[in-house]
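A.B. asks: Okay, here's the structure, questions in a sec.
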Amino acid sequence: MDSGVIQNLMLGFSVALKWQNFCMMIVGSALGTVLGMLPGLGPSTGIALLLPLTFVMPPEMALITMCAVYYGAMFGGSRSSILLNIPGDGAAVASCFDGYPMSQQGRAEAALAISAIASFIGGLISCVAFVVVAMPVARFALRFGPPEYFVLMVFALAATAAISKDQLVKGLIAMFIGLALTTVGIDLQSGVQRFTFGSAELQSGIDFVVVIIGVYGLGEILYEYHTLRAKGETHVQHKFGRIWITWEDWKRCWLPILRQTPVGFFIGVLPGAGGTIAAMMSYNNEKQLSRHPEEFGKGAIEGLAAPEAANNACSIGAMIPMFTLGVPGSGTTAVMLGALMIYGLQPGPLLFEHNPEIAWGVIASFFLGNVICAIINLPLAGLLVRVLSVPPRVLYPLVVGMAFLGVYTINYSASEFLLLSGLGLLGYFMKCYKIPTAPLILAIVVGASMEQSFRQSLLLSDGSASVFFRSSICNVLWLLAVLSVAWPFISDWLKKRKANNN
Amino acid sequence: MRRDTVVGLFSVALGALYGTATLRIKDATIGSPWAPKVFPLGVAAFLVVLGIVALITDRAKARGGHVERAPAAKDPGCAKLIIGTLVLCAVYGYAFEPFGYIVSTLCFMFLLLTLVNEPKRWKSNIIITLVFTFFLWGSFVYVFDIALPSFDMDTVKELFAFTGGGVNLG
């Protein structure tokens, strides 16, 4: 790590430690923890709902708040997994496997403590990795021109859409629906109106925040109505002893935490593969490496520690492509990337040159936020889990109300309320028919700049498509895009071959 | 109808509609006249092709004896909740600016809570509505410094005149 990085990091800490930013970090971490706990409201929905409220803040404060919400949600997601066997979000699924049995055995305190400790260590190590990796990647990205950016976005979208063989076609359909939505409005290069159907409101295009709140927020609530009555009242333990672990527990957990953190971080950096995959992969890895695999699923504490460390490491890793390349790797980072654009910042390598106080302030907030989340999630766990007692039939109307107010603050106009309802219906349809929503969200955020890069590239080459193969960066990215689409088939074939050989 | 068949048909229909609408976009007067249409046409073509792929693969799966997993059991009243919420949202959209934040949000939240949290819990619905409306109003106005619309008699009159309602509000 060169001295420039240390200096920049110091600059970042001076920004993050300003009392206003620090206070918002605490508020964001607490809000994120609560949002992460509530089933149905993951980090993406939480950030999308809170995003409009950050418009009145300076950019660095807004980003620090959103990042705090993000890792707060990653910390909080496991609370409901441990206490209710209901994951707060997808990344907390693996925490149910051993967290809930631990809670059933009267070890809820140890489960809550190890999930916070593992998340803290995983997050902290990943922050260091982020600082080491970010600058070289950002410097490398300065070599990118419009064709490289276009192909990079193709790769990011393809990798997100092709997350599994069964979902491949539907993921790609979702991605193209997202791209179609970005073409609404006045075309920036020619001034021609596209798909506005005479509506003045549509001339400036469909705001991606409306799409995110509609598809993630409203769509999710409408889908949750399917099982609303069945959910009934939730009785959650909220009186605990000392939330801590024994020396014996620590001896079993430290190594799994340390070895699964890099796995989570690496998966986070890859576009498309999110916290759920990181957590599941680390759980399976740990089960294979464990001396007591038979205890997994029955309350093995390392079975909880490993996925918790990995999913937090993943959330920090996912910030690397967003900050350094300007390309999001997941639904949540797509929301945050969109926020960067709203604040008039250019995400990508130039962010570190033009706005170092913002870029490094946010990076420094990762470190501080992890400490704050650990503090919130250890002594205050008993208090925070009371939120889980709020019945969904009360919670959902409140979320709907918040969604509408959030949309109002985008343009200070209620004209988009109808659009929001329509997009909520689209989100509901997508959930009913098992169409993944993350590719749509990614496409809606990068779609406009993807089209601009595409057209700028063609202008550079007088309309020749060969420009998209002009450099080795382009070719490698094409290869990665093809590989990511083909990978589910290749891995399926490899599994079948292995099974046949056995 | 199988789920993936619906998705395939939806994609083909959407791609065809979107493609047709793309062809109706005016030509650009600067640079290539087709420039604003190229990207959307590519998107439309992919939507149609992917829809067809979804239909073919689903057909093949069905022929191979693949049985679709039944959807999770739904609450019998969920359609009422979904339609009711969407109708309330649309009405809220129309009422928000003319009636102002407080009046429209009080009505919207109370009706939504009555729908979702059931009418028999009317006392808690009233309390939640009041707390939600005024807490957010205070937060927006005093903490975030965001002005929320207030009741505007002229706009309400215009709205009723527009919808043809003969209500005398003057």
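A note on labels: chains of the structure tokens are A, B, ... as shown, every chain counts residues from 1, and ligands are counted from 1 in their shown order.
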Chain A residues within 8 Å of chain B, counting only C-alpha atoms: which ones, as a PyMOL selection string?

C.D. replies: chain A and resi 53+56+169-170+172-173+176-177+179-180+183+187+190-195+222+225-230+393-394+397-398+401+409+413-418+421+433+451+455

A.B. asks: Just the residues within 10 Å of Pro321 (chain A), please, counting only C-alpha atoms, with nothing from its chain fewer than 3 positions along; format it as a ChimeraX atom specification.

C.D. replies: /A:134,137-138,156,268-271,317-318,324-330,333,347-349

A.B. asks: Suppose we keep C-alpha atoms; can you now write the selection as an mmCIF file, in the first residue's frame?

C.D. replies:
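Contents of result.cif, as written:
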```
data_model
loop_
_atom_site.group_PDB
_atom_site.id
_atom_site.type_symbol
_atom_site.label_atom_id
_atom_site.label_comp_id
_atom_site.auth_asym_id
_atom_site.auth_seq_id
_atom_site.Cartn_x
_atom_site.Cartn_y
_atom_site.Cartn_z
ATOM 1 C CA ALA A 134 -9.453 -0.051 -5.477
ATOM 2 C CA VAL A 137 -8.397 -1.192 -10.638
ATOM 3 C CA ALA A 138 -9.335 2.501 -10.979
ATOM 4 C CA ALA A 156 -21.985 -6.950 -16.139
ATOM 5 C CA GLY A 268 -18.799 -9.716 -4.281
ATOM 6 C CA VAL A 269 -16.389 -8.308 -6.867
ATOM 7 C CA LEU A 270 -17.881 -10.525 -9.593
ATOM 8 C CA PRO A 271 -20.908 -8.971 -11.260
ATOM 9 C CA GLY A 317 -16.406 -6.445 -2.493
ATOM 10 C CA ALA A 318 -19.482 -5.461 -4.519
ATOM 11 C CA THR A 324 -13.703 1.955 -9.679
ATOM 12 C CA LEU A 325 -15.406 1.031 -12.965
ATOM 13 C CA GLY A 326 -18.764 2.740 -12.606
ATOM 14 C CA VAL A 327 -20.527 -0.570 -13.221
ATOM 15 C CA PRO A 328 -22.719 -2.124 -10.532
ATOM 16 C CA GLY A 329 -22.411 -5.782 -9.686
ATOM 17 C CA SER A 330 -25.723 -6.220 -7.859
ATOM 18 C CA THR A 333 -24.988 -1.353 -5.806
ATOM 19 C CA PRO A 347 -18.820 7.012 -11.045
ATOM 20 C CA GLY A 348 -15.689 5.231 -12.177
ATOM 21 C CA PRO A 349 -11.964 5.881 -12.077
#
```

A.B. asks: As a ChimeraX atom specification, please: the residues near Ile121 (chain A) (cut-off 9 Å, only C-alpha atoms, same-chain neighbours under 3 positions excluded).

C.D. replies: /A:116-118,124-126,257-258,261,309,312-313,370

A.B. asks: Using only C-alpha atoms, which of B:Met1, B:Phe99, B:Thr20, B:Arg59 sits nearest Asp154 (chain B)?

C.D. replies: B:Phe99

A.B. asks: Report as a list in words all protein, DNA and RNA residues lying within 8 Å of region 78-81 of chain A, evaluated on only C-alpha atoms, omitting residues in the same chain fewer than 5 positions from it.

C.D. replies: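 Contacts, in chain order: Gly36, Met37, Leu38, Pro39, Ile86, Pro87, Gly88, Ala92, Val93, Ser95, Cys96, Gly99, Tyr100, Leu112, Ser115, Glu308, Val385 and Leu388 of chain A.
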
A.B. asks: What would the file look like if the residues just selected were written as a compact mmCIF listing (two decimals), in the first residue's frame with C-alpha atoms?

C.D. replies:
```txt
# COMPACT_ATOMS: atom_id res chain seq x y z
CA GLY A 36 -32.38 -5.95 7.12
CA MET A 37 -34.23 -7.75 9.90
CA LEU A 38 -37.67 -7.31 8.36
CA PRO A 39 -38.45 -10.15 5.97
CA ILE A 86 -37.06 -16.43 8.35
CA PRO A 87 -34.16 -14.76 6.55
CA GLY A 88 -34.35 -10.96 6.47
CA ALA A 92 -29.12 -14.43 5.33
CA VAL A 93 -30.63 -17.73 4.13
CA SER A 95 -27.74 -18.22 8.63
CA CYS A 96 -31.03 -20.06 9.23
CA GLY A 99 -28.58 -20.04 13.65
CA TYR A 100 -32.16 -21.15 14.27
CA LEU A 112 -26.54 -13.32 17.79
CA SER A 115 -23.15 -13.43 13.66
CA GLU A 308 -22.05 -14.26 8.04
CA VAL A 385 -35.29 -7.42 17.57
CA LEU A 388 -39.69 -8.20 14.40
```

A.B. asks: Find the distance between CA of Gln104 (chain A) and CA of Gly46 (chain A) and write it in Å to one decimal.

C.D. replies: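 These two atoms are separated by 29.2 Å.
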
A.B. asks: Set the distance at 6 Å and use only C-alpha atoms: which residues neighbour region 208-217 of chain A once local chain neighbours fewer than 3 positions away are removed? I'd like the list as a PDB file with N, CA and C atoms, in the first residue's frame.

C.D. replies:
```pdb
ATOM      1  N   THR A  45     -34.342  -2.684  -1.289  1.00  0.00           N
ATOM      2  CA  THR A  45     -35.602  -1.976  -1.052  1.00  0.00           C
ATOM      3  C   THR A  45     -35.381  -0.851  -0.050  1.00  0.00           C
ATOM      4  N   ALA A  48     -33.506   1.968  -1.657  1.00  0.00           N
ATOM      5  CA  ALA A  48     -34.372   2.630  -2.647  1.00  0.00           C
ATOM      6  C   ALA A  48     -35.393   3.529  -1.949  1.00  0.00           C
ATOM      7  N   GLU A 220     -42.799  -6.002  -4.264  1.00  0.00           N
ATOM      8  CA  GLU A 220     -42.518  -6.953  -3.176  1.00  0.00           C
ATOM      9  C   GLU A 220     -43.709  -7.023  -2.209  1.00  0.00           C
ATOM     10  N   LEU A 420     -45.637   4.697 -10.752  1.00  0.00           N
ATOM     11  CA  LEU A 420     -45.144   3.866  -9.649  1.00  0.00           C
ATOM     12  C   LEU A 420     -46.065   2.653  -9.446  1.00  0.00           C
ATOM     13  N   LEU A 423     -45.480   0.217 -12.230  1.00  0.00           N
ATOM     14  CA  LEU A 423     -44.214  -0.506 -12.067  1.00  0.00           C
ATOM     15  C   LEU A 423     -44.304  -1.503 -10.907  1.00  0.00           C
ATOM     16  N   GLY A 424     -45.103  -1.158  -9.906  1.00  0.00           N
ATOM     17  CA  GLY A 424     -45.355  -2.103  -8.802  1.00  0.00           C
ATOM     18  C   GLY A 424     -46.019  -3.357  -9.339  1.00  0.00           C
ATOM     19  N   GLY A 427     -43.457  -5.383 -11.121  1.00  0.00           N
ATOM     20  CA  GLY A 427     -42.643  -6.109 -10.143  1.00  0.00           C
ATOM     21  C   GLY A 427     -43.386  -7.325  -9.605  1.00  0.00           C
TER      22      GLY A 427
END
```

A.B. asks: List the neighbours of Ile64 (chain A) out to 10 Å using only C-alpha atoms; skip same-chain residues closer than 3 positions along the sequence, and give me the result as a list in words.

C.D. replies: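 Once the adjacent positions are removed, what remains is Val15, Ala16, Asn21, Phe22, Met24, Met25, Gly28, Ser29, Pro59, Glu60, Met61, Cys67, Ala68, Val69, Tyr70, Ile358, Ala359, Gly361, Val362, Ile363, Ala364, Ser365, Phe366 and Gly369 of chain A.
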